[in-house]
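Coordinates as given in start.cif (mmCIF, C-alpha atoms):
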```cif
data_final
#
loop_
_atom_site.label_atom_id
_atom_site.label_comp_id
_atom_site.auth_asym_id
_atom_site.auth_seq_id
_atom_site.Cartn_x
_atom_site.Cartn_y
_atom_site.Cartn_z
CA MET S 1 0.00 0.00 0.00
CA LEU S 2 1.27 3.44 -0.90
CA THR S 3 1.91 5.98 1.81
CA ILE S 4 -0.46 8.92 1.40
CA TRP S 5 2.04 11.58 0.41
CA SER S 6 4.14 9.30 -1.78
CA ALA S 7 0.97 8.44 -3.68
CA LEU S 8 0.60 12.10 -4.54
CA LEU S 9 4.27 12.35 -5.36
CA LEU S 10 4.59 8.98 -7.06
CA PRO S 11 5.36 10.34 -10.54
CA SER S 12 8.21 12.35 -9.06
CA LEU S 13 9.41 9.53 -6.84
CA LEU S 14 9.58 7.19 -9.79
CA THR S 15 11.77 9.66 -11.60
CA GLY S 16 13.71 10.79 -9.46
CA VAL S 17 6.85 32.87 25.41
CA GLN S 18 7.83 36.43 23.89
CA GLY S 19 11.54 37.16 24.03
CA ALA S 20 13.59 40.29 23.71
CA ALA S 21 14.09 42.08 20.41
CA VAL S 22 17.35 41.07 18.80
CA LYS S 23 19.17 43.11 16.16
CA PRO S 24 19.53 41.17 12.92
CA PRO S 25 23.06 40.12 12.02
CA SER S 26 23.13 42.12 8.79
CA ALA S 27 22.85 45.84 8.24
CA TYR S 28 19.23 46.19 7.24
CA LEU S 29 16.42 46.48 9.78
CA PRO S 30 13.12 44.76 9.02
CA LYS S 31 9.83 46.59 9.22
CA ARG S 32 9.05 45.10 12.60
CA ASP S 33 11.36 44.37 15.52
CA VAL S 34 12.81 40.89 15.44
CA VAL S 35 11.57 38.91 18.41
CA ARG S 36 13.20 35.71 19.62
CA ASN S 37 11.85 33.39 22.26
CA PRO S 38 14.76 32.95 24.69
CA ALA S 39 13.67 29.38 25.36
CA TYR S 40 14.94 28.41 21.91
CA PRO S 41 18.58 29.16 20.99
CA LEU S 42 19.34 29.63 17.31
CA ASP S 43 19.77 26.29 15.55
CA VAL S 44 22.03 25.61 12.58
CA VAL S 45 19.30 26.56 10.07
CA ASP S 46 18.57 29.83 11.89
CA LYS S 47 22.28 30.65 11.79
CA LEU S 48 22.51 29.76 8.09
CA GLU S 49 19.57 32.04 7.38
CA ALA S 50 21.30 34.88 9.26
CA ASP S 51 24.53 34.25 7.37
CA THR S 52 22.58 34.37 4.10
CA MET S 53 21.17 37.86 4.66
CA PRO S 54 24.13 39.66 3.00
CA LYS S 55 23.41 37.64 -0.15
CA VAL S 56 19.75 38.61 0.13
CA GLU S 57 20.75 42.27 0.41
CA GLU S 58 22.93 41.97 -2.70
CA TRP S 59 20.12 40.27 -4.61
CA VAL S 60 17.55 42.90 -3.72
CA ALA S 61 20.02 45.71 -4.49
CA SER S 62 20.59 44.24 -7.95
CA LYS S 63 16.83 44.08 -8.55
CA ILE S 64 16.42 47.69 -7.45
CA ALA S 65 19.22 48.76 -9.78
CA ALA S 66 17.55 46.91 -12.65
CA GLU S 67 14.12 48.28 -11.65
CA THR S 68 12.69 44.76 -11.40
CA ASN S 69 11.89 44.76 -7.68
CA ASN S 70 8.28 45.91 -8.22
CA GLY S 71 8.55 48.27 -5.25
CA CYS S 72 9.71 45.61 -2.80
CA THR S 73 12.70 46.47 -0.64
CA LEU S 74 14.14 45.03 2.53
CA GLU S 75 12.88 48.14 4.30
CA ASN S 76 9.24 47.51 3.39
CA ALA S 77 9.28 43.70 3.31
CA VAL S 78 7.03 42.23 5.99
CA VAL S 79 8.31 39.60 8.41
CA ARG S 80 6.97 36.08 8.80
CA GLN S 81 7.91 34.75 12.23
CA GLU S 82 8.16 31.42 13.98
CA TRP S 83 5.04 30.74 16.07
CA SER S 84 6.77 30.67 19.47
CA ASP S 85 8.58 33.93 18.73
CA MET S 86 5.26 35.74 18.33
CA PRO S 87 3.64 37.51 21.30
CA GLU S 88 0.82 35.46 22.79
CA GLU S 89 -1.65 38.21 21.92
CA LEU S 90 -0.72 37.93 18.24
CA ARG S 91 -0.97 34.13 18.36
CA GLN S 92 -4.51 34.44 19.69
CA ASN S 93 -5.25 37.07 17.05
CA TYR S 94 -4.19 34.49 14.45
CA THR S 95 -6.37 31.65 15.74
CA ALA S 96 -9.30 34.07 16.13
CA ALA S 97 -8.90 35.06 12.47
CA VAL S 98 -8.84 31.41 11.38
CA THR S 99 -12.00 30.80 13.42
CA CYS S 100 -13.52 33.86 11.76
CA LEU S 101 -12.87 32.37 8.30
CA MET S 102 -14.63 29.22 9.51
CA LYS S 103 -17.73 31.30 10.22
CA LEU S 104 -17.84 33.31 6.99
CA PRO S 105 -19.96 31.89 4.14
CA PRO S 106 -18.21 29.98 1.35
CA THR S 107 -17.77 31.49 -2.09
CA VAL S 108 -17.18 28.20 -3.88
CA ASP S 109 -19.92 26.60 -6.01
CA LYS S 110 -22.17 24.80 -3.52
CA GLU S 111 -23.48 22.41 -6.17
CA ARG S 112 -19.95 21.25 -6.82
CA PHE S 113 -18.97 21.32 -3.13
CA PRO S 114 -22.11 20.84 -1.01
CA GLY S 115 -19.91 20.06 1.98
CA ALA S 116 -18.19 23.46 1.95
CA LEU S 117 -19.52 25.24 5.02
CA SER S 118 -17.31 28.32 5.16
CA ARG S 119 -14.79 30.63 3.57
CA TYR S 120 -12.15 28.44 5.20
CA ASP S 121 -13.53 25.51 3.21
CA ASP S 122 -12.96 27.43 -0.03
CA PHE S 123 -9.28 26.66 0.45
CA VAL S 124 -9.87 23.02 1.39
CA ALA S 125 -12.11 22.55 -1.66
CA PHE S 126 -9.43 23.88 -4.02
CA HIS S 127 -6.73 21.67 -2.56
CA MET S 128 -8.84 18.52 -2.58
CA THR S 129 -9.63 18.90 -6.28
CA HIS S 130 -6.11 20.01 -7.31
CA ALA S 131 -3.90 18.01 -4.95
CA MET S 132 -2.24 15.99 -7.68
CA GLN S 133 -1.27 19.12 -9.59
CA LEU S 134 -0.20 20.99 -6.44
CA HIS S 135 2.28 18.21 -5.75
CA ASP S 136 3.82 17.76 -9.16
CA ASN S 137 7.37 18.89 -9.79
CA LEU S 138 6.40 22.33 -11.08
CA HIS S 139 4.00 23.30 -8.33
CA LEU S 140 5.10 21.83 -5.01
CA PHE S 141 7.00 24.99 -4.08
CA GLY S 142 5.64 27.91 -6.08
CA ALA S 143 1.94 27.12 -6.20
CA HIS S 144 1.90 26.41 -2.47
CA LYS S 145 3.63 29.75 -1.90
CA TYR S 146 0.79 31.48 -3.72
CA TYR S 147 -1.85 29.33 -2.00
CA VAL S 148 -0.54 30.17 1.49
CA TRP S 149 -0.19 33.85 0.58
CA LEU S 150 -3.85 33.92 -0.50
CA PHE S 151 -4.83 32.35 2.82
CA GLU S 152 -2.76 34.95 4.69
CA LYS S 153 -4.43 37.67 2.63
CA ALA S 154 -7.90 36.36 3.55
CA LEU S 155 -7.00 36.29 7.26
CA ARG S 156 -5.81 39.89 7.15
CA GLU S 157 -8.41 41.44 4.86
CA GLU S 158 -11.52 39.49 5.85
CA CYS S 159 -10.92 38.61 9.50
CA GLY S 160 -8.76 41.34 11.02
CA TYR S 161 -5.52 39.45 11.53
CA THR S 162 -2.75 41.99 12.09
CA GLY S 163 0.28 39.75 11.56
CA TYR S 164 1.52 37.49 8.80
CA GLN S 165 1.44 33.73 8.28
CA PRO S 166 3.69 32.07 10.90
CA TYR S 167 5.88 29.07 10.28
CA MET S 168 6.85 26.28 12.64
CA ASN S 169 10.47 25.44 13.32
CA TYR S 170 10.13 21.67 13.57
CA ASP S 171 13.34 21.35 15.55
CA ARG S 172 12.00 23.43 18.44
CA TYR S 173 9.21 20.95 19.05
CA ALA S 174 10.51 17.64 17.76
CA GLU S 175 11.53 16.08 21.07
CA ASP S 176 8.31 16.96 22.88
CA PRO S 177 5.67 18.33 20.48
CA ILE S 178 2.75 17.66 22.82
CA ASN S 179 4.10 20.17 25.35
CA SER S 180 5.19 22.75 22.78
CA PRO S 181 3.75 26.28 22.43
CA LEU S 182 2.34 25.10 19.10
CA LEU S 183 0.38 22.05 20.24
CA ASN S 184 0.02 22.12 24.04
CA GLY S 185 -3.70 22.89 23.85
CA ASN S 186 -3.68 26.23 25.64
CA ALA S 187 -5.37 29.41 24.40
CA SER S 188 -2.31 30.63 22.50
CA SER S 189 -1.62 27.31 20.75
CA LEU S 190 -3.10 25.68 17.66
CA GLY S 191 -4.90 23.24 19.92
CA GLY S 192 -3.87 19.97 21.47
CA ASN S 193 -3.70 16.28 20.82
CA GLY S 194 -6.56 14.06 19.81
CA ALA S 195 -8.12 11.65 22.24
CA PRO S 196 -6.61 8.14 22.18
CA GLU S 197 -7.97 6.07 19.30
CA PRO S 198 -6.76 2.46 19.75
CA SER S 199 -7.52 1.55 16.15
CA TYR S 200 -5.25 4.30 14.78
CA ASN S 201 -1.83 2.76 14.17
CA GLY S 202 -0.08 5.56 12.33
CA VAL S 203 0.95 6.22 8.74
CA PRO S 204 2.40 3.38 6.63
CA GLN S 205 5.68 4.16 4.86
CA PRO S 206 6.29 1.30 2.42
CA GLY S 207 9.83 1.12 1.12
CA ARG S 208 11.29 2.74 4.25
CA THR S 209 12.79 1.25 7.39
CA PRO S 210 10.91 1.65 9.72
CA ASN S 211 7.94 1.27 7.40
CA ILE S 212 5.42 3.18 9.51
CA ILE S 213 5.23 6.50 11.33
CA ALA S 214 3.88 4.86 14.47
CA SER S 215 1.01 6.49 16.30
CA GLY S 216 1.90 8.93 19.05
CA GLY S 217 -1.08 7.79 21.10
CA GLY S 218 -3.77 10.10 19.73
CA GLY S 219 -5.86 9.82 16.59
CA GLY S 220 -9.22 10.90 17.98
CA CYS S 221 -11.07 14.18 18.47
CA VAL S 222 -9.26 17.30 19.66
CA THR S 223 -10.76 18.46 22.95
CA GLU S 224 -8.50 21.38 23.97
CA GLY S 225 -7.54 24.72 22.50
CA PRO S 226 -8.93 27.13 19.91
CA PHE S 227 -10.18 24.43 17.52
CA ALA S 228 -11.73 22.00 20.00
CA ASP S 229 -15.19 22.85 18.64
CA MET S 230 -14.16 22.98 14.99
CA VAL S 231 -16.57 21.32 12.58
CA VAL S 232 -14.86 19.47 9.73
CA SER S 233 -17.14 18.80 6.76
CA LEU S 234 -15.30 18.01 3.52
CA GLY S 235 -13.79 14.54 3.20
CA PRO S 236 -12.56 12.07 4.04
CA THR S 237 -11.44 10.74 0.68
CA SER S 238 -10.18 7.30 -0.21
CA MET S 239 -6.63 8.45 0.63
CA SER S 240 -7.32 9.13 4.30
CA MET S 241 -5.46 7.11 6.90
CA GLY S 242 -7.74 8.12 9.77
CA SER S 243 -9.55 5.48 11.77
CA ASN S 244 -13.26 5.17 12.57
CA LEU S 245 -14.16 8.15 10.37
CA PRO S 246 -17.71 8.76 9.19
CA LYS S 247 -17.99 8.13 5.46
CA ASN S 248 -18.65 11.07 3.18
CA PRO S 249 -21.96 10.83 1.28
CA ARG S 250 -20.13 11.56 -1.98
CA ALA S 251 -17.50 9.25 -3.36
CA ASP S 252 -15.12 12.16 -4.05
CA GLY S 253 -15.45 13.52 -0.50
CA THR S 254 -17.11 16.80 -1.46
CA GLY S 255 -20.37 16.16 0.41
CA SER S 256 -21.39 17.47 3.82
CA ASN S 257 -19.95 15.23 6.55
CA PRO S 258 -19.82 17.15 9.87
CA ARG S 259 -17.36 15.71 12.38
CA CYS S 260 -14.60 16.72 14.78
CA LEU S 261 -10.98 17.65 14.09
CA ARG S 262 -8.80 14.60 14.75
CA ARG S 263 -5.08 14.70 15.57
CA ASP S 264 -2.17 12.57 16.66
CA VAL S 265 0.60 14.84 18.01
CA ASN S 266 3.49 12.70 16.97
CA ARG S 267 7.13 12.81 18.01
CA ASN S 268 7.91 9.98 15.56
CA ALA S 269 6.95 12.26 12.68
CA ALA S 270 8.49 15.47 14.02
CA MET S 271 11.90 13.86 14.56
CA GLY S 272 12.11 13.41 10.79
CA ALA S 273 12.32 17.18 10.31
CA THR S 274 15.01 18.19 12.80
CA ALA S 275 17.49 21.00 12.14
CA ASP S 276 20.32 18.68 11.19
CA ARG S 277 18.16 17.19 8.43
CA ALA S 278 17.13 20.64 7.22
CA TYR S 279 20.73 21.86 7.27
CA SER S 280 21.82 18.86 5.22
CA LEU S 281 19.02 19.60 2.76
CA LEU S 282 20.12 23.23 2.41
CA THR S 283 23.87 22.76 2.21
CA GLY S 284 24.18 19.36 0.56
CA ASN S 285 22.40 20.11 -2.71
CA ASP S 286 23.67 22.54 -5.31
CA ASN S 287 20.91 21.71 -7.79
CA MET S 288 17.11 21.65 -7.58
CA ASP S 289 16.75 17.94 -8.31
CA GLY S 290 18.85 17.05 -5.26
CA PHE S 291 17.01 19.54 -3.06
CA TYR S 292 13.61 18.32 -4.24
CA ASN S 293 14.40 14.63 -3.87
CA GLN S 294 15.93 14.95 -0.42
CA LEU S 295 12.97 17.01 0.78
CA LEU S 296 10.69 14.17 -0.33
CA GLY S 297 12.91 11.53 1.26
CA THR S 298 13.80 9.82 -1.98
CA PRO S 299 15.66 7.61 -2.17
CA PRO S 300 14.79 6.63 1.40
CA PRO S 301 17.58 7.58 3.82
CA LYS S 302 19.48 4.65 5.27
CA ASN S 303 20.42 4.13 8.92
CA ASP S 304 17.88 6.74 9.96
CA SER S 305 15.24 6.03 12.61
CA TYR S 306 12.97 8.68 11.08
CA PRO S 307 13.50 8.34 7.31
CA TRP S 308 10.36 10.12 6.13
CA GLY S 309 11.79 13.21 4.41
CA ILE S 310 10.92 16.66 5.74
CA HIS S 311 7.85 17.05 3.52
CA THR S 312 6.14 13.93 4.87
CA ALA S 313 7.45 14.40 8.42
CA GLY S 314 6.00 17.89 8.68
CA HIS S 315 2.60 16.81 7.45
CA TYR S 316 2.27 14.21 10.18
CA VAL S 317 3.46 16.24 13.16
CA ALA S 318 -0.19 16.19 14.24
CA ALA S 319 -2.49 15.52 11.30
CA VAL S 320 -5.07 12.71 11.16
CA ASP S 321 -8.41 14.00 9.85
CA PRO S 322 -8.72 16.04 7.76
CA GLY S 323 -5.03 16.95 7.91
CA GLY S 324 -3.70 13.47 7.29
CA ASP S 325 -5.65 13.07 4.08
CA PRO S 326 -3.51 14.63 1.31
CA MET S 327 -6.60 15.81 -0.50
CA THR S 328 -8.12 17.68 2.45
CA SER S 329 -4.95 18.42 4.45
CA PRO S 330 -5.54 22.22 4.66
CA GLY S 331 -8.62 21.38 6.73
CA ASP S 332 -6.31 21.35 9.76
CA PRO S 333 -4.82 24.84 10.32
CA ILE S 334 -1.40 23.34 11.04
CA PHE S 335 -1.11 22.67 7.29
CA TYR S 336 -0.33 26.33 6.68
CA PHE S 337 2.49 26.30 9.22
CA HIS S 338 4.10 23.31 7.56
CA HIS S 339 3.97 24.71 4.04
CA THR S 340 5.21 28.09 5.25
CA SER S 341 8.14 26.23 6.81
CA LEU S 342 8.84 24.54 3.48
CA ASP S 343 8.63 27.92 1.78
CA ARG S 344 11.22 29.26 4.23
CA LEU S 345 13.59 26.36 3.53
CA TRP S 346 13.16 26.84 -0.23
CA TRP S 347 13.90 30.56 0.13
CA ILE S 348 17.07 29.97 2.17
CA TRP S 349 18.23 27.44 -0.43
CA GLN S 350 17.44 29.82 -3.33
CA MET S 351 19.28 32.71 -1.74
CA GLN S 352 22.56 30.78 -1.50
CA ASP S 353 22.88 31.47 -5.24
CA ALA S 354 19.83 33.44 -6.34
CA SER S 355 20.79 34.00 -9.95
CA ALA S 356 21.13 30.24 -10.52
CA ARG S 357 18.49 28.89 -8.17
CA LEU S 358 15.58 31.33 -8.11
CA ASN S 359 13.79 29.90 -11.15
CA ALA S 360 15.14 26.36 -10.92
CA LEU S 361 12.56 23.61 -11.39
CA PRO S 362 12.91 19.89 -10.62
CA SER S 363 13.31 17.85 -13.76
CA GLY S 364 11.59 14.72 -12.43
CA GLY S 365 7.92 13.87 -12.28
CA MET S 366 5.05 14.36 -14.64
CA PRO S 367 3.56 17.86 -14.62
CA MET S 368 -0.22 17.74 -14.58
CA PRO S 369 -1.84 20.38 -16.76
CA PRO S 370 -5.33 20.95 -15.32
CA MET S 371 -4.15 23.54 -12.78
CA ASP S 372 -2.02 25.62 -15.08
CA LYS S 373 -2.14 26.99 -18.58
CA ARG S 374 0.91 25.29 -19.95
CA ALA S 375 3.10 26.98 -22.48
CA ALA S 376 5.97 25.68 -24.54
CA ASP S 377 8.21 28.08 -22.63
CA LEU S 378 7.81 27.64 -18.86
CA GLU S 379 8.34 31.36 -18.45
CA ASP S 380 4.92 31.80 -20.03
CA THR S 381 3.15 29.16 -17.94
CA ILE S 382 0.27 30.45 -15.81
CA VAL S 383 -0.83 29.09 -12.42
CA ASP S 384 -4.58 29.40 -11.98
CA MET S 385 -6.01 29.32 -8.45
CA GLU S 386 -9.56 29.70 -9.82
CA TRP S 387 -11.90 30.90 -7.06
CA LEU S 388 -9.08 31.66 -4.62
CA GLY S 389 -7.21 34.27 -6.61
CA PRO S 390 -6.26 35.52 -10.08
CA PRO S 391 -3.93 33.52 -12.32
CA ILE S 392 -0.25 34.46 -12.20
CA ASN S 393 2.90 33.47 -14.03
CA LEU S 394 4.55 30.31 -12.70
CA LEU S 395 7.93 31.95 -12.21
CA GLU S 396 6.31 34.86 -10.36
CA THR S 397 5.60 32.32 -7.63
CA HIS S 398 9.34 31.76 -7.20
CA GLU S 399 10.23 35.25 -5.97
CA GLN S 400 9.03 36.35 -2.54
CA LEU S 401 10.83 39.70 -2.75
CA GLY S 402 8.93 41.36 -5.58
CA GLY S 403 7.09 38.46 -7.19
CA ASN S 404 3.43 38.59 -8.16
CA GLY S 405 3.81 42.19 -9.28
CA GLY S 406 5.29 43.15 -5.93
CA ALA S 407 2.47 41.62 -3.89
CA PHE S 408 4.96 39.05 -2.57
CA CYS S 409 7.29 41.07 -0.36
CA TYR S 410 8.32 39.25 2.78
CA ILE S 411 11.24 37.67 4.58
CA TYR S 412 11.56 35.00 7.24
CA VAL S 413 13.15 35.59 10.65
#
```

Would you kindly transcribe this structure into structure tokens?
Amino acid sequence: MLTIWSALLLPSLLTGVQGAAVKPPSAYLPKRDVVRNPAYPLDVVDKLEADTMPKVEEWVASKIAAETNNGCTLENAVVRQEWSDMPEELRQNYTAAVTCLMKLPPTVDKERFPGALSRYDDFVAFHMTHAMQLHDNLHLFGAHKYYVWLFEKALREECGYTGYQPYMNYDRYAEDPINSPLLNGNASSLGGNGAPEPSYNGVPQPGRTPNIIASGGGGGCVTEGPFADMVVSLGPTSMSMGSNLPKNPRADGTGSNPRCLRRDVNRNAAMGATADRAYSLLTGNDNMDGFYNQLLGTPPPKNDSYPWGIHTAGHYVAAVDPGGDPMTSPGDPIFYFHHTSLDRLWWIWQMQDASARLNALPSGGMPMPPMDKRAADLEDTIVDMEWLGPPINLLETHEQLGGNGGAFCYIYV
């Protein structure tokens, strides 16, 4: 049996508490003070990112000189922060905005998606009908960047969120995720673990040793934190690995199927995305194919107790239903933290040699045309997010400092 995420990526696999403000290590000052949680010293990836900032400055300066920065500068770039570095008030502002989206009416076609209950479900509906394309070699990075940015935009413009989409530094939480600021179940977290579900064994990983991300002891309904009363409706689909889930009335999972949010906060998954693995990913690959394959854990790492690859590991830090179903995974808000983390890693890797890496695309896999308007020249290919946002050029999704006509203008700290 295929693991969930490798099934999506099969074509590619076959081919290949608030701290003190800290001054950034480079000369520029971001728009907002940099806040670090003193409980978490800088890890090797944080330090690499800091060491990369002079290259970022040079890149942006060259774009300004060429008048291709679309108004984006390091002085006006917004800052995406790690969750535990954010003030608790801002964390609660974030979860309140997500809850707000869950209460707004959907804009998606209700005949096509009768199970879509909210504006939040607009995003789930898109992902569940475009998951194969979102995970092909062209779109895994860039299209998800645009997708997350559109979600961030909705939070800010429709629900009063005053910050920007956070990321999660897996390494901070890997040893004890259940007691982390992200998943401890308090008011400033993303909620807690699911109740024990004895029939939930974990996530099979055929072809790897071990060959399963063993259950962390959860798998049932979340009962603590901001999303304890969340109503999940879309899904599950045939790709779900959840246990004892109510069946959707539609075979494709688009019907109305109200149920709870289920999670398994899982150290076994999180340990597959530690800083040493991320650092190896960033420094051990001078071409996109190597970066892409290692991120996906292909070929499977040897002599590794957690050989999942960072992409799979991050998805299963907590997700069961709907998050553990690759079609409906954005149904759990932690999805956006994971893909923002991947976006950060991609950006750090790009900025090691921006002129060579910015527009690099993996050569493996089979691009799937329904989501984009394919052109003979990839520079003319358009990514279409349909009801979520206007179509944009594929390569515009590669540049977070001036891409999308300047609408992308952010850094990670």

### Query
Residues at most 9 Å from S:Leu182, counting only C-alpha atoms, excluding those fewer than 4 positions away in the same chain, as a PyMOL selection string?
chain S and resi 83-84+168+173+177-178+186+188-192

### Message
Running the PyMOL selection byres ((chain S and resi 170) around 12) on this model by hand, what would come out? Give it as number ranges by chain.
### Response
S: 40, 43, 45-46, 82-84, 167-169, 171-177, 180-183, 266-267, 269-278, 310-311, 313-318, 334, 337-342, 345

Around all listed atoms of stretch 325-339 of chain S, padded 4 Å per side, what centre and edge lengths does the axis-aligned box have in Å to one decimal, as AutoDock Vina command-line options?
```
--center_x -2.3 --center_y 19.7 --center_z 5.3 --size_x 20.7 --size_y 21.3 --size_z 19.5
```

### Task
Just give me the residues with any atom within 7 Å of (-18.7, 15.4, 1.9), file coordinates, counting only C-alpha atoms, written as a PyMOL selection string.
chain S and resi 115+233-235+248-250+253-257

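Using all atoms listed in the file, the nearest neighbour of S:Thr209 within the list S:Ser62, S:Thr312, S:Asn303, S:Thr52 is S:Asn303.
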
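Of the residues under consideration (S:Asn268, S:Ser215, S:Thr397, S:Gln133), S:Thr397 shows the shortest atom-to-atom contact distance to S:Trp346 when counting all atoms listed in the file.
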
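Using all atoms listed in the file, the nearest neighbour of S:Asp304 within the list S:Cys159, S:Arg208, S:Phe113, S:Gly194 is S:Arg208.
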
### Message
At a cut-off of 12 Å, using all atoms listed in the file, what residues contact S:Ala61? Leave out same-chain residues fewer than 5 positions from it and give the result as a count of residues only.
### Response
15

### Message
Report as a PyMOL selection string all protein, DNA and RNA residues lying within 10 Å of S:Tyr200, evaluated on only C-alpha atoms, omitting residues in the same chain fewer than 3 positions from it.
### Response
chain S and resi 196-197+203+214-220+241-244+264+320

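Among the candidates S:Ala407, S:Val44, S:Val265, S:Ile392, the one nearest to S:Gly185 when counting all atoms listed in the file is S:Val265.
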
Write a file for stretch 89-102 of chain S of the given structure; include N, CA, C and O atoms and format it as a PDB file, in the first residue's frame.
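The result, stored in result.pdb:
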```pdb
ATOM      1  N   GLU S  89      -0.489  37.464  22.415  1.00  0.00           N
ATOM      2  CA  GLU S  89      -1.651  38.205  21.919  1.00  0.00           C
ATOM      3  C   GLU S  89      -1.790  38.046  20.408  1.00  0.00           C
ATOM      4  O   GLU S  89      -2.906  37.891  19.882  1.00  0.00           O
ATOM      5  N   LEU S  90      -0.676  38.077  19.692  1.00  0.00           N
ATOM      6  CA  LEU S  90      -0.717  37.925  18.238  1.00  0.00           C
ATOM      7  C   LEU S  90      -1.063  36.496  17.855  1.00  0.00           C
ATOM      8  O   LEU S  90      -1.780  36.264  16.867  1.00  0.00           O
ATOM      9  N   ARG S  91      -0.604  35.518  18.626  1.00  0.00           N
ATOM     10  CA  ARG S  91      -0.967  34.129  18.355  1.00  0.00           C
ATOM     11  C   ARG S  91      -2.489  33.953  18.474  1.00  0.00           C
ATOM     12  O   ARG S  91      -3.116  33.305  17.639  1.00  0.00           O
ATOM     13  N   GLN S  92      -3.060  34.550  19.511  1.00  0.00           N
ATOM     14  CA  GLN S  92      -4.507  34.439  19.692  1.00  0.00           C
ATOM     15  C   GLN S  92      -5.261  35.220  18.622  1.00  0.00           C
ATOM     16  O   GLN S  92      -6.356  34.825  18.218  1.00  0.00           O
ATOM     17  N   ASN S  93      -4.670  36.322  18.157  1.00  0.00           N
ATOM     18  CA  ASN S  93      -5.252  37.069  17.045  1.00  0.00           C
ATOM     19  C   ASN S  93      -5.290  36.194  15.793  1.00  0.00           C
ATOM     20  O   ASN S  93      -6.273  36.212  15.025  1.00  0.00           O
ATOM     21  N   TYR S  94      -4.240  35.391  15.609  1.00  0.00           N
ATOM     22  CA  TYR S  94      -4.185  34.493  14.454  1.00  0.00           C
ATOM     23  C   TYR S  94      -5.284  33.436  14.533  1.00  0.00           C
ATOM     24  O   TYR S  94      -6.047  33.237  13.575  1.00  0.00           O
ATOM     25  N   THR S  95      -5.373  32.729  15.649  1.00  0.00           N
ATOM     26  CA  THR S  95      -6.370  31.655  15.742  1.00  0.00           C
ATOM     27  C   THR S  95      -7.785  32.220  15.693  1.00  0.00           C
ATOM     28  O   THR S  95      -8.691  31.570  15.162  1.00  0.00           O
ATOM     29  N   ALA S  96      -7.974  33.437  16.213  1.00  0.00           N
ATOM     30  CA  ALA S  96      -9.301  34.067  16.126  1.00  0.00           C
ATOM     31  C   ALA S  96      -9.653  34.359  14.676  1.00  0.00           C
ATOM     32  O   ALA S  96     -10.811  34.214  14.260  1.00  0.00           O
ATOM     33  N   ALA S  97      -8.657  34.772  13.884  1.00  0.00           N
ATOM     34  CA  ALA S  97      -8.903  35.062  12.470  1.00  0.00           C
ATOM     35  C   ALA S  97      -9.224  33.778  11.705  1.00  0.00           C
ATOM     36  O   ALA S  97     -10.097  33.766  10.830  1.00  0.00           O
ATOM     37  N   VAL S  98      -8.533  32.688  12.021  1.00  0.00           N
ATOM     38  CA  VAL S  98      -8.841  31.411  11.377  1.00  0.00           C
ATOM     39  C   VAL S  98     -10.267  30.989  11.731  1.00  0.00           C
ATOM     40  O   VAL S  98     -11.041  30.559  10.858  1.00  0.00           O
ATOM     41  N   THR S  99     -10.635  31.132  12.998  1.00  0.00           N
ATOM     42  CA  THR S  99     -11.999  30.800  13.424  1.00  0.00           C
ATOM     43  C   THR S  99     -13.019  31.685  12.712  1.00  0.00           C
ATOM     44  O   THR S  99     -14.108  31.218  12.338  1.00  0.00           O
ATOM     45  N   CYS S 100     -12.663  32.937  12.503  1.00  0.00           N
ATOM     46  CA  CYS S 100     -13.524  33.856  11.756  1.00  0.00           C
ATOM     47  C   CYS S 100     -13.766  33.347  10.340  1.00  0.00           C
ATOM     48  O   CYS S 100     -14.915  33.330   9.862  1.00  0.00           O
ATOM     49  N   LEU S 101     -12.707  32.908   9.658  1.00  0.00           N
ATOM     50  CA  LEU S 101     -12.869  32.368   8.300  1.00  0.00           C
ATOM     51  C   LEU S 101     -13.795  31.158   8.308  1.00  0.00           C
ATOM     52  O   LEU S 101     -14.528  30.916   7.339  1.00  0.00           O
ATOM     53  N   MET S 102     -13.772  30.407   9.395  1.00  0.00           N
ATOM     54  CA  MET S 102     -14.628  29.222   9.507  1.00  0.00           C
ATOM     55  C   MET S 102     -16.097  29.589   9.717  1.00  0.00           C
ATOM     56  O   MET S 102     -16.966  28.715   9.622  1.00  0.00           O
TER      57      MET S 102
END
```
